[in-house]
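Structure data follow from work.cif (mmCIF, N, CA and C atoms):
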```cif
data_query
loop_
_atom_site.label_atom_id
_atom_site.label_comp_id
_atom_site.auth_asym_id
_atom_site.auth_seq_id
_atom_site.Cartn_x
_atom_site.Cartn_y
_atom_site.Cartn_z
N MET U 1 104.43 51.22 118.70
CA MET U 1 104.44 52.13 117.57
C MET U 1 105.55 53.16 117.75
N PRO U 2 106.17 53.55 116.65
CA PRO U 2 107.25 54.53 116.73
C PRO U 2 106.71 55.91 117.10
N ARG U 3 107.56 56.67 117.74
CA ARG U 3 107.17 58.02 118.14
C ARG U 3 107.80 59.08 117.25
N LEU U 4 109.01 58.84 116.85
CA LEU U 4 109.70 59.82 116.02
C LEU U 4 109.16 59.82 114.60
N ARG U 5 109.18 60.99 113.98
CA ARG U 5 108.67 61.12 112.62
C ARG U 5 109.45 60.23 111.64
N SER U 6 110.75 60.22 111.78
CA SER U 6 111.57 59.41 110.87
C SER U 6 111.30 57.92 111.08
N SER U 7 111.04 57.52 112.32
CA SER U 7 110.73 56.11 112.59
C SER U 7 109.39 55.71 111.99
N LYS U 8 108.44 56.63 112.04
CA LYS U 8 107.13 56.36 111.44
C LYS U 8 107.26 56.19 109.93
N LYS U 9 108.05 57.07 109.32
CA LYS U 9 108.26 56.99 107.88
C LYS U 9 108.98 55.69 107.52
N SER U 10 109.95 55.31 108.32
CA SER U 10 110.70 54.08 108.10
C SER U 10 109.77 52.86 108.16
N LEU U 11 108.85 52.88 109.12
CA LEU U 11 107.89 51.78 109.25
C LEU U 11 106.98 51.70 108.03
N ARG U 12 106.50 52.85 107.56
CA ARG U 12 105.65 52.86 106.35
C ARG U 12 106.42 52.30 105.16
N SER U 13 107.65 52.74 105.03
CA SER U 13 108.49 52.30 103.92
C SER U 13 108.74 50.81 103.98
N ALA U 14 109.01 50.28 105.16
CA ALA U 14 109.27 48.85 105.34
C ALA U 14 108.02 48.04 105.00
N ARG U 15 106.86 48.55 105.38
CA ARG U 15 105.61 47.83 105.08
C ARG U 15 105.34 47.80 103.57
N ARG U 16 105.61 48.93 102.90
CA ARG U 16 105.43 48.95 101.45
C ARG U 16 106.36 47.95 100.78
N GLY U 17 107.60 47.93 101.23
CA GLY U 17 108.57 46.99 100.67
C GLY U 17 108.17 45.54 100.90
N ALA U 18 107.68 45.25 102.09
CA ALA U 18 107.26 43.89 102.42
C ALA U 18 106.08 43.47 101.55
N GLU U 19 105.17 44.40 101.30
CA GLU U 19 104.01 44.11 100.45
C GLU U 19 104.46 43.81 99.02
N GLU U 20 105.40 44.59 98.52
CA GLU U 20 105.91 44.38 97.17
C GLU U 20 106.62 43.03 97.06
N ASN U 21 107.43 42.70 98.07
CA ASN U 21 108.12 41.42 98.08
C ASN U 21 107.13 40.25 98.10
N LYS U 22 106.06 40.42 98.85
CA LYS U 22 105.03 39.38 98.94
C LYS U 22 104.38 39.15 97.58
N LYS U 23 104.12 40.23 96.85
CA LYS U 23 103.53 40.10 95.51
C LYS U 23 104.46 39.34 94.58
N ILE U 24 105.74 39.68 94.63
CA ILE U 24 106.71 39.03 93.75
C ILE U 24 106.83 37.56 94.08
N ARG U 25 106.87 37.23 95.38
CA ARG U 25 106.93 35.82 95.77
C ARG U 25 105.69 35.06 95.30
N GLY U 26 104.53 35.71 95.38
CA GLY U 26 103.29 35.07 94.94
C GLY U 26 103.31 34.79 93.44
N LYS U 27 103.76 35.77 92.66
CA LYS U 27 103.85 35.57 91.22
C LYS U 27 104.81 34.46 90.87
N LEU U 28 105.92 34.40 91.59
CA LEU U 28 106.92 33.36 91.35
C LEU U 28 106.37 31.98 91.67
N SER U 29 105.65 31.87 92.77
CA SER U 29 105.09 30.56 93.12
C SER U 29 104.02 30.13 92.12
N LYS U 30 103.25 31.07 91.60
CA LYS U 30 102.27 30.73 90.57
C LYS U 30 102.95 30.24 89.30
N LEU U 31 104.06 30.90 88.94
CA LEU U 31 104.83 30.47 87.77
C LEU U 31 105.35 29.05 87.96
N ILE U 32 105.86 28.77 89.14
CA ILE U 32 106.43 27.45 89.42
C ILE U 32 105.35 26.38 89.38
N LYS U 33 104.20 26.67 89.98
CA LYS U 33 103.12 25.69 90.00
C LYS U 33 102.54 25.45 88.61
N GLY U 34 102.58 26.47 87.76
CA GLY U 34 102.02 26.35 86.43
C GLY U 34 102.99 25.78 85.40
N ALA U 35 104.21 25.50 85.81
CA ALA U 35 105.21 25.00 84.86
C ALA U 35 104.85 23.59 84.40
N LYS U 36 104.96 23.38 83.10
CA LYS U 36 104.58 22.09 82.52
C LYS U 36 105.77 21.21 82.21
N GLY U 37 106.81 21.79 81.63
CA GLY U 37 107.94 20.96 81.23
C GLY U 37 109.20 21.78 81.05
N LYS U 38 110.17 21.20 80.37
CA LYS U 38 111.47 21.85 80.20
C LYS U 38 111.39 23.16 79.43
N LYS U 39 110.37 23.32 78.61
CA LYS U 39 110.25 24.54 77.82
C LYS U 39 109.99 25.77 78.69
N ASP U 40 109.52 25.55 79.90
CA ASP U 40 109.25 26.66 80.82
C ASP U 40 110.46 27.06 81.67
N LEU U 41 111.53 26.28 81.60
CA LEU U 41 112.70 26.56 82.44
C LEU U 41 113.30 27.95 82.23
N PRO U 42 113.51 28.42 81.01
CA PRO U 42 114.11 29.76 80.86
C PRO U 42 113.28 30.86 81.51
N THR U 43 111.97 30.76 81.41
CA THR U 43 111.09 31.76 82.03
C THR U 43 111.22 31.70 83.55
N LEU U 44 111.25 30.49 84.08
CA LEU U 44 111.37 30.32 85.53
C LEU U 44 112.72 30.82 86.03
N TYR U 45 113.78 30.48 85.30
CA TYR U 45 115.12 30.92 85.69
C TYR U 45 115.19 32.44 85.71
N LYS U 46 114.60 33.06 84.71
CA LYS U 46 114.63 34.52 84.63
C LYS U 46 113.91 35.14 85.83
N ALA U 47 112.76 34.59 86.18
CA ALA U 47 111.98 35.11 87.31
C ALA U 47 112.73 34.93 88.63
N VAL U 48 113.35 33.77 88.80
CA VAL U 48 114.09 33.49 90.04
C VAL U 48 115.30 34.42 90.14
N ASP U 49 116.02 34.59 89.03
CA ASP U 49 117.19 35.46 89.04
C ASP U 49 116.81 36.92 89.32
N LYS U 50 115.70 37.34 88.75
CA LYS U 50 115.25 38.71 88.95
C LYS U 50 114.88 38.95 90.42
N ALA U 51 114.21 37.97 91.03
CA ALA U 51 113.84 38.10 92.44
C ALA U 51 115.08 38.12 93.32
N ALA U 52 116.07 37.30 92.99
CA ALA U 52 117.31 37.28 93.77
C ALA U 52 118.06 38.60 93.61
N LYS U 53 118.01 39.16 92.41
CA LYS U 53 118.68 40.43 92.16
C LYS U 53 118.04 41.55 92.99
N ARG U 54 116.73 41.47 93.16
CA ARG U 54 116.02 42.48 93.94
C ARG U 54 116.03 42.19 95.44
N LYS U 55 116.82 41.17 95.84
CA LYS U 55 117.00 40.79 97.25
C LYS U 55 115.71 40.28 97.89
N ILE U 56 114.85 39.65 97.10
CA ILE U 56 113.66 39.03 97.66
C ILE U 56 114.09 37.81 98.48
N PHE U 57 115.07 37.10 97.98
CA PHE U 57 115.73 36.05 98.74
C PHE U 57 117.19 35.97 98.31
N ALA U 58 117.95 35.17 99.03
CA ALA U 58 119.40 35.14 98.85
C ALA U 58 119.79 34.49 97.53
N ARG U 59 120.99 34.83 97.07
CA ARG U 59 121.52 34.32 95.81
C ARG U 59 121.65 32.80 95.82
N LYS U 60 122.11 32.24 96.94
CA LYS U 60 122.27 30.78 97.01
C LYS U 60 120.93 30.06 97.06
N LYS U 61 119.93 30.69 97.64
CA LYS U 61 118.59 30.10 97.63
C LYS U 61 118.07 30.06 96.21
N ALA U 62 118.36 31.09 95.43
CA ALA U 62 117.96 31.12 94.03
C ALA U 62 118.60 29.95 93.29
N ALA U 63 119.86 29.69 93.57
CA ALA U 63 120.56 28.57 92.92
C ALA U 63 119.90 27.24 93.30
N ARG U 64 119.55 27.10 94.56
CA ARG U 64 118.88 25.87 95.01
C ARG U 64 117.52 25.70 94.33
N MET U 65 116.79 26.81 94.22
CA MET U 65 115.48 26.76 93.58
C MET U 65 115.60 26.33 92.12
N LYS U 66 116.57 26.90 91.42
CA LYS U 66 116.75 26.57 90.00
C LYS U 66 117.14 25.11 89.84
N SER U 67 117.99 24.62 90.72
CA SER U 67 118.40 23.22 90.66
C SER U 67 117.20 22.31 90.92
N LYS U 68 116.42 22.65 91.91
CA LYS U 68 115.24 21.85 92.26
C LYS U 68 114.23 21.85 91.11
N LEU U 69 114.04 23.02 90.49
CA LEU U 69 113.11 23.12 89.36
C LEU U 69 113.56 22.27 88.18
N SER U 70 114.85 22.32 87.90
CA SER U 70 115.35 21.55 86.75
C SER U 70 115.18 20.05 86.99
N ARG U 71 115.40 19.61 88.23
CA ARG U 71 115.21 18.19 88.55
C ARG U 71 113.73 17.81 88.46
N LYS U 72 112.87 18.69 88.95
CA LYS U 72 111.44 18.43 88.97
C LYS U 72 110.87 18.34 87.54
N LEU U 73 111.29 19.28 86.69
CA LEU U 73 110.73 19.34 85.34
C LEU U 73 111.40 18.37 84.37
N ALA U 74 112.52 17.79 84.76
CA ALA U 74 113.21 16.82 83.90
C ALA U 74 112.47 15.49 83.89
N LYS U 75 111.69 15.24 84.92
CA LYS U 75 110.98 13.96 85.03
C LYS U 75 109.82 13.86 84.06
#
```
Take the structure in the file and give it back as structure tokens.
Amino acid sequence: MPRLRSSKKSLRSARRGAEENKKIRGKLSKLIKGAKGKKDLPTLYKAVDKAAKRKIFARKKAARMKSKLSRKLAK
């Protein structure tokens, strides 16, 4: 455990951020699992881009996810 006051605050802040990121990832995975067809692609793309913008995951991972989704839902 941190001893310095600033380190304690930093730890609290990091935990809050991690919790928020976890929520966003969960919502995104629910959206992906609930996708039915091509009509859901714009919604999924928007969610993936928004998460990448907020640095939940990397920009190139977002591109891979969108590519994978389009292939999956095209079938």
Spatial neighbours of range 55-71 of chain U, 8 Å, all atoms listed in the file, chain gap at least 4 places, as a ChimeraX atom specification: /U:21-22,24-25,32,38,41,44-45,48-51,75
Written file, previous selection with N, CA and C atoms, as a PDB file, keeping the file's coordinate frame:
```
ATOM      1  N   ASN U  21     107.430  42.700  98.070  1.00  0.00           N
ATOM      2  CA  ASN U  21     108.120  41.420  98.080  1.00  0.00           C
ATOM      3  C   ASN U  21     107.130  40.250  98.100  1.00  0.00           C
ATOM      4  N   LYS U  22     106.060  40.420  98.850  1.00  0.00           N
ATOM      5  CA  LYS U  22     105.030  39.380  98.940  1.00  0.00           C
ATOM      6  C   LYS U  22     104.380  39.150  97.580  1.00  0.00           C
ATOM      7  N   ILE U  24     105.740  39.680  94.630  1.00  0.00           N
ATOM      8  CA  ILE U  24     106.710  39.030  93.750  1.00  0.00           C
ATOM      9  C   ILE U  24     106.830  37.560  94.080  1.00  0.00           C
ATOM     10  N   ARG U  25     106.870  37.230  95.380  1.00  0.00           N
ATOM     11  CA  ARG U  25     106.930  35.820  95.770  1.00  0.00           C
ATOM     12  C   ARG U  25     105.690  35.060  95.300  1.00  0.00           C
ATOM     13  N   ILE U  32     105.860  28.770  89.140  1.00  0.00           N
ATOM     14  CA  ILE U  32     106.430  27.450  89.420  1.00  0.00           C
ATOM     15  C   ILE U  32     105.350  26.380  89.380  1.00  0.00           C
ATOM     16  N   LYS U  38     110.170  21.200  80.370  1.00  0.00           N
ATOM     17  CA  LYS U  38     111.470  21.850  80.200  1.00  0.00           C
ATOM     18  C   LYS U  38     111.390  23.160  79.430  1.00  0.00           C
ATOM     19  N   LEU U  41     111.530  26.280  81.600  1.00  0.00           N
ATOM     20  CA  LEU U  41     112.700  26.560  82.440  1.00  0.00           C
ATOM     21  C   LEU U  41     113.300  27.950  82.230  1.00  0.00           C
ATOM     22  N   LEU U  44     111.250  30.490  84.080  1.00  0.00           N
ATOM     23  CA  LEU U  44     111.370  30.320  85.530  1.00  0.00           C
ATOM     24  C   LEU U  44     112.720  30.820  86.030  1.00  0.00           C
ATOM     25  N   TYR U  45     113.780  30.480  85.300  1.00  0.00           N
ATOM     26  CA  TYR U  45     115.120  30.920  85.690  1.00  0.00           C
ATOM     27  C   TYR U  45     115.190  32.440  85.710  1.00  0.00           C
ATOM     28  N   VAL U  48     113.350  33.770  88.800  1.00  0.00           N
ATOM     29  CA  VAL U  48     114.090  33.490  90.040  1.00  0.00           C
ATOM     30  C   VAL U  48     115.300  34.420  90.140  1.00  0.00           C
ATOM     31  N   ASP U  49     116.020  34.590  89.030  1.00  0.00           N
ATOM     32  CA  ASP U  49     117.190  35.460  89.040  1.00  0.00           C
ATOM     33  C   ASP U  49     116.810  36.920  89.320  1.00  0.00           C
ATOM     34  N   LYS U  50     115.700  37.340  88.750  1.00  0.00           N
ATOM     35  CA  LYS U  50     115.250  38.710  88.950  1.00  0.00           C
ATOM     36  C   LYS U  50     114.880  38.950  90.420  1.00  0.00           C
ATOM     37  N   ALA U  51     114.210  37.970  91.030  1.00  0.00           N
ATOM     38  CA  ALA U  51     113.840  38.100  92.440  1.00  0.00           C
ATOM     39  C   ALA U  51     115.080  38.120  93.320  1.00  0.00           C
ATOM     40  N   LYS U  75     111.690  15.240  84.920  1.00  0.00           N
ATOM     41  CA  LYS U  75     110.980  13.960  85.030  1.00  0.00           C
ATOM     42  C   LYS U  75     109.820  13.860  84.060  1.00  0.00           C
TER      43      LYS U  75
END
```
Distance in Å - CA of Lys46 in chain U versus CA of Lys30 in chain U: 14.2 Å
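For the pair atom C of Ser29 in chain U and atom N of Arg15 in chain U, the separation is 22.9 Å.
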Chain U: residues DSSP assigns to alpha helix (DSSP H), reported as a PyMOL selection string: chain U and resi 5-33+41-53+59-74
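Between CA of Thr43 in chain U and CA of Leu73 in chain U lies a distance of 12.9 Å.
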Would you compute the box with edges along x, y and z of the file around range 49-67 of chain U, including every atom the file lists for it and 8 Å extra on each side, and give its centre and edge lengths in Å to one decimal, as AutoDock Vina command-line options?
```
--center_x 118.0 --center_y 32.4 --center_z 93.9 --size_x 24.6 --size_y 36.2 --size_z 26.3
```
